[in-house]
Amino acid sequence: MDKAYFYQTAIGRVLISEDGEGITGLSLFRNHGTVTDDEQLAKDIVICETELIKNAADQLIQYLEGRRKEFDVSLNPKGTPFQRKVWEALRAIPYGQTRSYKQIAVAIGNEKASRAVGMANHNNPIICMIPCHRVIGANGALVGFGAGLDIKELLLNLEKH
């Protein structure tokens, strides 16, 4: 069973989880005026702070403060082989740069997989550390970010400076 811990950050309340091998999740909780019981959402996880989780939280906070450009914590995202391939391609996007869904599809060797890349991006379990926010529409538009386009814009602006 994964272990996880909640942290308050500059982008809101996050839940960071790990499985003993690496970070498996970094999720942002945004209530948007509704009552959400975060602990209920994490009912299959043991809530405790481990050294790995604390290290990941420290790195996330440093990133959000503009003091870190790369994460060196071990990651172990759960997904299909295709999703994992896409997520590895996302991790190769340099800090402060963006790519289109088509560019990621080309990078993984399947130029016609733009929509599938979009779905893998949408299912990214470790936001920020797997930088799905760096993927934009072909026309440069900010599209498709599960944590909200305002957070995507905030993260991209953070990386511009």
# chains A, B, ... in the order shown; residues from 1 in each chain; ligands from 1
>>> select_by_dssp(residues="range 3-139 of chain A", states="strand (DSSP E)", output="PyMOL selection string")
chain A and resi 3-9+12-18+23-29+46-47+99-100+135-136
>>> residues_around(residues="Ala116 in chain A", least_positions_apart="5", cutoff="10 Å", atoms="only C-alpha atoms", output="list in words")
Phe82, Gln83, Val86, Tyr101, Ala105, Asn110, Asn121 and His122 of chain A
>>> write_last_selection(atoms="N, CA and C atoms", output="mmCIF file, in the first residue's frame")
data_model
loop_
_atom_site.group_PDB
_atom_site.id
_atom_site.type_symbol
_atom_site.label_atom_id
_atom_site.label_comp_id
_atom_site.auth_asym_id
_atom_site.auth_seq_id
_atom_site.Cartn_x
_atom_site.Cartn_y
_atom_site.Cartn_z
ATOM 1 N N PHE A 82 2.765 2.792 -23.093
ATOM 2 C CA PHE A 82 2.654 4.004 -23.915
ATOM 3 C C PHE A 82 2.678 5.252 -23.036
ATOM 4 N N GLN A 83 1.892 5.262 -21.965
ATOM 5 C CA GLN A 83 1.872 6.416 -21.069
ATOM 6 C C GLN A 83 3.260 6.689 -20.502
ATOM 7 N N VAL A 86 5.431 8.385 -23.007
ATOM 8 C CA VAL A 86 5.073 9.804 -23.121
ATOM 9 C C VAL A 86 5.620 10.577 -21.924
ATOM 10 N N TYR A 101 1.711 18.803 -28.594
ATOM 11 C CA TYR A 101 1.364 17.385 -28.514
ATOM 12 C C TYR A 101 1.977 16.635 -29.692
ATOM 13 N N ALA A 105 4.539 13.468 -29.805
ATOM 14 C CA ALA A 105 4.231 12.268 -30.590
ATOM 15 C C ALA A 105 5.417 11.909 -31.488
ATOM 16 N N ASN A 110 5.888 8.217 -32.956
ATOM 17 C CA ASN A 110 4.560 7.954 -33.496
ATOM 18 C C ASN A 110 3.879 9.286 -33.787
ATOM 19 N N ASN A 121 -0.963 12.647 -21.267
ATOM 20 C CA ASN A 121 -0.685 13.887 -20.538
ATOM 21 C C ASN A 121 -1.753 14.107 -19.467
ATOM 22 N N HIS A 122 -2.999 13.919 -19.863
ATOM 23 C CA HIS A 122 -4.129 14.104 -18.947
ATOM 24 C C HIS A 122 -4.046 13.131 -17.761
#
>>> select_by_dssp(residues="chain A", states="alpha helix (DSSP H)", output="number ranges by chain")
A: 38-41, 51-64, 81-91, 101-107, 114-122, 149-160
>>> closest_atom_pairs(of="range 69-156 of chain A", to="range 42-55 of chain A", cutoff="10 Å", atoms="only C-alpha atoms", output="Markdown table")
| residue | atom | partner | partner_atom | distance |
| --- | --- | --- | --- | --- |
| A:Asp72 | CA | A:Asn55 | CA | 9.5 |
| A:Val73 | CA | A:Asn55 | CA | 7.2 |
| A:Ser74 | CA | A:Leu52 | CA | 8.3 |
>>> residues_around(residues="His133 in chain A", least_positions_apart="2", cutoff="8 Å", atoms="only C-alpha atoms", output="JSON list (two decimals) with all heavy atoms, in the first residue's frame")
[["chain", "number", "residue", "atom", "x", "y", "z"],
["A", 127, "ILE", "N", 2.17, 15.59, -11.39],
["A", 127, "ILE", "CA", 2.29, 16.91, -11.99],
["A", 127, "ILE", "C", 3.55, 17.61, -11.50],
["A", 127, "ILE", "O", 4.08, 17.28, -10.45],
["A", 127, "ILE", "CB", 1.04, 17.78, -11.74],
["A", 127, "ILE", "CG1", 0.87, 18.10, -10.26],
["A", 127, "ILE", "CG2", -0.21, 17.14, -12.31],
["A", 127, "ILE", "CD1", -0.14, 19.19, -9.97],
["A", 128, "CYS", "N", 4.01, 18.55, -12.27],
["A", 128, "CYS", "CA", 5.24, 19.34, -12.04],
["A", 128, "CYS", "C", 6.49, 18.50, -12.24],
["A", 128, "CYS", "O", 7.36, 18.88, -13.01],
["A", 128, "CYS", "CB", 5.26, 20.01, -10.68],
["A", 128, "CYS", "SG", 4.00, 21.26, -10.46],
["A", 131, "PRO", "N", 6.60, 17.14, -16.23],
["A", 131, "PRO", "CA", 6.09, 18.48, -16.57],
["A", 131, "PRO", "C", 5.08, 18.53, -17.72],
["A", 131, "PRO", "O", 5.35, 19.08, -18.78],
["A", 131, "PRO", "CB", 7.36, 19.25, -16.89],
["A", 131, "PRO", "CG", 8.29, 18.21, -17.43],
["A", 131, "PRO", "CD", 7.99, 16.97, -16.64],
["A", 135, "VAL", "N", 3.40, 21.18, -22.15],
["A", 135, "VAL", "CA", 2.83, 20.78, -23.44],
["A", 135, "VAL", "C", 1.66, 21.71, -23.75],
["A", 135, "VAL", "O", 0.75, 21.87, -22.93],
["A", 135, "VAL", "CB", 2.38, 19.30, -23.43],
["A", 135, "VAL", "CG1", 1.83, 18.90, -24.79],
["A", 135, "VAL", "CG2", 3.55, 18.40, -23.05],
["A", 136, "ILE", "N", 1.73, 22.32, -24.93],
["A", 136, "ILE", "CA", 0.73, 23.30, -25.34],
["A", 136, "ILE", "C", 0.15, 22.90, -26.70],
["A", 136, "ILE", "O", 0.67, 22.00, -27.35],
["A", 136, "ILE", "CB", 1.33, 24.72, -25.40],
["A", 136, "ILE", "CG1", 2.51, 24.77, -26.38],
["A", 136, "ILE", "CG2", 1.78, 25.17, -24.00],
["A", 136, "ILE", "CD1", 3.08, 26.15, -26.61],
["A", 145, "PHE", "N", -5.08, 21.08, -19.04],
["A", 145, "PHE", "CA", -4.30, 20.84, -17.82],
["A", 145, "PHE", "C", -5.28, 20.54, -16.70],
["A", 145, "PHE", "O", -6.10, 21.38, -16.34],
["A", 145, "PHE", "CB", -3.43, 22.06, -17.49],
["A", 145, "PHE", "CG", -2.42, 21.81, -16.40],
["A", 145, "PHE", "CD1", -1.43, 20.86, -16.55],
["A", 145, "PHE", "CD2", -2.46, 22.54, -15.23],
["A", 145, "PHE", "CE1", -0.49, 20.63, -15.56],
["A", 145, "PHE", "CE2", -1.52, 22.33, -14.23],
["A", 145, "PHE", "CZ", -0.53, 21.38, -14.39],
["A", 152, "LYS", "N", -1.51, 26.07, -14.89],
["A", 152, "LYS", "CA", -0.59, 25.84, -16.01],
["A", 152, "LYS", "C", 0.10, 27.15, -16.38],
["A", 152, "LYS", "O", 1.33, 27.19, -16.54],
["A", 152, "LYS", "CB", -1.36, 25.29, -17.22],
["A", 152, "LYS", "CG", -0.49, 24.97, -18.42],
["A", 152, "LYS", "CD", -1.30, 24.25, -19.49],
["A", 152, "LYS", "CE", -0.40, 23.72, -20.58],
["A", 152, "LYS", "NZ", -1.04, 22.65, -21.34],
["A", 155, "LEU", "N", 2.69, 28.12, -13.73],
["A", 155, "LEU", "CA", 3.91, 27.31, -13.81],
["A", 155, "LEU", "C", 4.77, 27.74, -15.02],
["A", 155, "LEU", "O", 6.00, 27.85, -14.88],
["A", 155, "LEU", "CB", 3.58, 25.82, -13.90],
["A", 155, "LEU", "CG", 2.89, 25.23, -12.67],
["A", 155, "LEU", "CD1", 2.45, 23.79, -12.94],
["A", 155, "LEU", "CD2", 3.77, 25.32, -11.44],
["A", 156, "LEU", "N", 4.14, 27.98, -16.15],
["A", 156, "LEU", "CA", 4.90, 28.41, -17.33],
["A", 156, "LEU", "C", 5.52, 29.79, -17.10],
["A", 156, "LEU", "O", 6.66, 30.03, -17.49],
["A", 156, "LEU", "CB", 4.01, 28.40, -18.57],
["A", 156, "LEU", "CG", 3.60, 27.01, -19.06],
["A", 156, "LEU", "CD1", 2.60, 27.11, -20.21],
["A", 156, "LEU", "CD2", 4.81, 26.19, -19.48]]
>>> closest_residue(among="A:Pro125, A:Gly12, A:Pro77, A:Gly148", to="Ile61 in chain A", atoms="only C-alpha atoms")
A:Gly12
>>> decode(residues="range 109-134 of chain A", atoms="N, CA and C atoms", output="PDB file, in the first residue's frame")
ATOM      1  N   GLY A 109       8.246   8.594 -31.493  1.00  0.00           N
ATOM      2  CA  GLY A 109       8.273   7.755 -32.689  1.00  0.00           C
ATOM      3  C   GLY A 109       6.925   7.420 -33.280  1.00  0.00           C
ATOM      4  N   ASN A 110       5.888   8.217 -32.956  1.00  0.00           N
ATOM      5  CA  ASN A 110       4.560   7.954 -33.496  1.00  0.00           C
ATOM      6  C   ASN A 110       3.879   9.286 -33.787  1.00  0.00           C
ATOM      7  N   GLU A 111       4.229   9.888 -34.919  1.00  0.00           N
ATOM      8  CA  GLU A 111       3.784  11.244 -35.220  1.00  0.00           C
ATOM      9  C   GLU A 111       2.263  11.401 -35.327  1.00  0.00           C
ATOM     10  N   LYS A 112       1.541  10.314 -35.475  1.00  0.00           N
ATOM     11  CA  LYS A 112       0.078  10.389 -35.576  1.00  0.00           C
ATOM     12  C   LYS A 112      -0.616  10.215 -34.230  1.00  0.00           C
ATOM     13  N   ALA A 113       0.145  10.154 -33.148  1.00  0.00           N
ATOM     14  CA  ALA A 113      -0.428   9.854 -31.831  1.00  0.00           C
ATOM     15  C   ALA A 113      -0.693  11.101 -30.982  1.00  0.00           C
ATOM     16  N   SER A 114      -0.896  12.246 -31.608  1.00  0.00           N
ATOM     17  CA  SER A 114      -1.094  13.489 -30.838  1.00  0.00           C
ATOM     18  C   SER A 114      -2.233  13.379 -29.824  1.00  0.00           C
ATOM     19  N   ARG A 115      -3.349  12.801 -30.242  1.00  0.00           N
ATOM     20  CA  ARG A 115      -4.493  12.665 -29.305  1.00  0.00           C
ATOM     21  C   ARG A 115      -4.168  11.706 -28.167  1.00  0.00           C
ATOM     22  N   ALA A 116      -3.498  10.621 -28.478  1.00  0.00           N
ATOM     23  CA  ALA A 116      -3.108   9.663 -27.437  1.00  0.00           C
ATOM     24  C   ALA A 116      -2.093  10.295 -26.486  1.00  0.00           C
ATOM     25  N   VAL A 117      -1.213  11.125 -27.026  1.00  0.00           N
ATOM     26  CA  VAL A 117      -0.274  11.870 -26.178  1.00  0.00           C
ATOM     27  C   VAL A 117      -1.060  12.780 -25.241  1.00  0.00           C
ATOM     28  N   GLY A 118      -2.095  13.418 -25.768  1.00  0.00           N
ATOM     29  CA  GLY A 118      -2.948  14.272 -24.941  1.00  0.00           C
ATOM     30  C   GLY A 118      -3.599  13.500 -23.803  1.00  0.00           C
ATOM     31  N   MET A 119      -4.052  12.296 -24.088  1.00  0.00           N
ATOM     32  CA  MET A 119      -4.667  11.471 -23.040  1.00  0.00           C
ATOM     33  C   MET A 119      -3.640  11.031 -22.001  1.00  0.00           C
ATOM     34  N   ALA A 120      -2.439  10.665 -22.456  1.00  0.00           N
ATOM     35  CA  ALA A 120      -1.375  10.285 -21.515  1.00  0.00           C
ATOM     36  C   ALA A 120      -1.012  11.492 -20.656  1.00  0.00           C
ATOM     37  N   ASN A 121      -0.963  12.647 -21.267  1.00  0.00           N
ATOM     38  CA  ASN A 121      -0.685  13.887 -20.538  1.00  0.00           C
ATOM     39  C   ASN A 121      -1.753  14.107 -19.467  1.00  0.00           C
ATOM     40  N   HIS A 122      -2.999  13.919 -19.863  1.00  0.00           N
ATOM     41  CA  HIS A 122      -4.129  14.104 -18.947  1.00  0.00           C
ATOM     42  C   HIS A 122      -4.046  13.131 -17.761  1.00  0.00           C
ATOM     43  N   ASN A 123      -3.513  11.943 -17.990  1.00  0.00           N
ATOM     44  CA  ASN A 123      -3.429  10.917 -16.945  1.00  0.00           C
ATOM     45  C   ASN A 123      -2.114  10.927 -16.178  1.00  0.00           C
ATOM     46  N   ASN A 124      -1.300  11.953 -16.381  1.00  0.00           N
ATOM     47  CA  ASN A 124      -0.028  12.082 -15.678  1.00  0.00           C
ATOM     48  C   ASN A 124      -0.291  12.120 -14.170  1.00  0.00           C
ATOM     49  N   PRO A 125       0.247  11.153 -13.413  1.00  0.00           N
ATOM     50  CA  PRO A 125      -0.028  11.119 -11.982  1.00  0.00           C
ATOM     51  C   PRO A 125       0.897  11.993 -11.133  1.00  0.00           C
ATOM     52  N   ILE A 126       1.938  12.574 -11.757  1.00  0.00           N
ATOM     53  CA  ILE A 126       2.936  13.309 -10.965  1.00  0.00           C
ATOM     54  C   ILE A 126       3.154  14.694 -11.594  1.00  0.00           C
ATOM     55  N   ILE A 127       2.173  15.588 -11.386  1.00  0.00           N
ATOM     56  CA  ILE A 127       2.293  16.909 -11.994  1.00  0.00           C
ATOM     57  C   ILE A 127       3.554  17.612 -11.503  1.00  0.00           C
ATOM     58  N   CYS A 128       4.013  18.546 -12.272  1.00  0.00           N
ATOM     59  CA  CYS A 128       5.239  19.335 -12.040  1.00  0.00           C
ATOM     60  C   CYS A 128       6.494  18.499 -12.236  1.00  0.00           C
ATOM     61  N   MET A 129       6.621  17.388 -11.543  1.00  0.00           N
ATOM     62  CA  MET A 129       7.827  16.570 -11.663  1.00  0.00           C
ATOM     63  C   MET A 129       7.880  15.855 -13.012  1.00  0.00           C
ATOM     64  N   ILE A 130       6.740  15.472 -13.529  1.00  0.00           N
ATOM     65  CA  ILE A 130       6.597  15.079 -14.926  1.00  0.00           C
ATOM     66  C   ILE A 130       5.868  16.271 -15.546  1.00  0.00           C
ATOM     67  N   PRO A 131       6.598  17.138 -16.231  1.00  0.00           N
ATOM     68  CA  PRO A 131       6.086  18.480 -16.567  1.00  0.00           C
ATOM     69  C   PRO A 131       5.079  18.526 -17.717  1.00  0.00           C
ATOM     70  N   CYS A 132       3.909  17.983 -17.496  1.00  0.00           N
ATOM     71  CA  CYS A 132       2.864  18.012 -18.512  1.00  0.00           C
ATOM     72  C   CYS A 132       2.397  19.437 -18.792  1.00  0.00           C
ATOM     73  N   HIS A 133       2.663  20.358 -17.859  1.00  0.00           N
ATOM     74  CA  HIS A 133       2.279  21.756 -18.084  1.00  0.00           C
ATOM     75  C   HIS A 133       3.076  22.384 -19.216  1.00  0.00           C
ATOM     76  N   ARG A 134       4.183  21.770 -19.626  1.00  0.00           N
ATOM     77  CA  ARG A 134       5.019  22.301 -20.706  1.00  0.00           C
ATOM     78  C   ARG A 134       4.506  21.910 -22.091  1.00  0.00           C
TER      79      ARG A 134
END
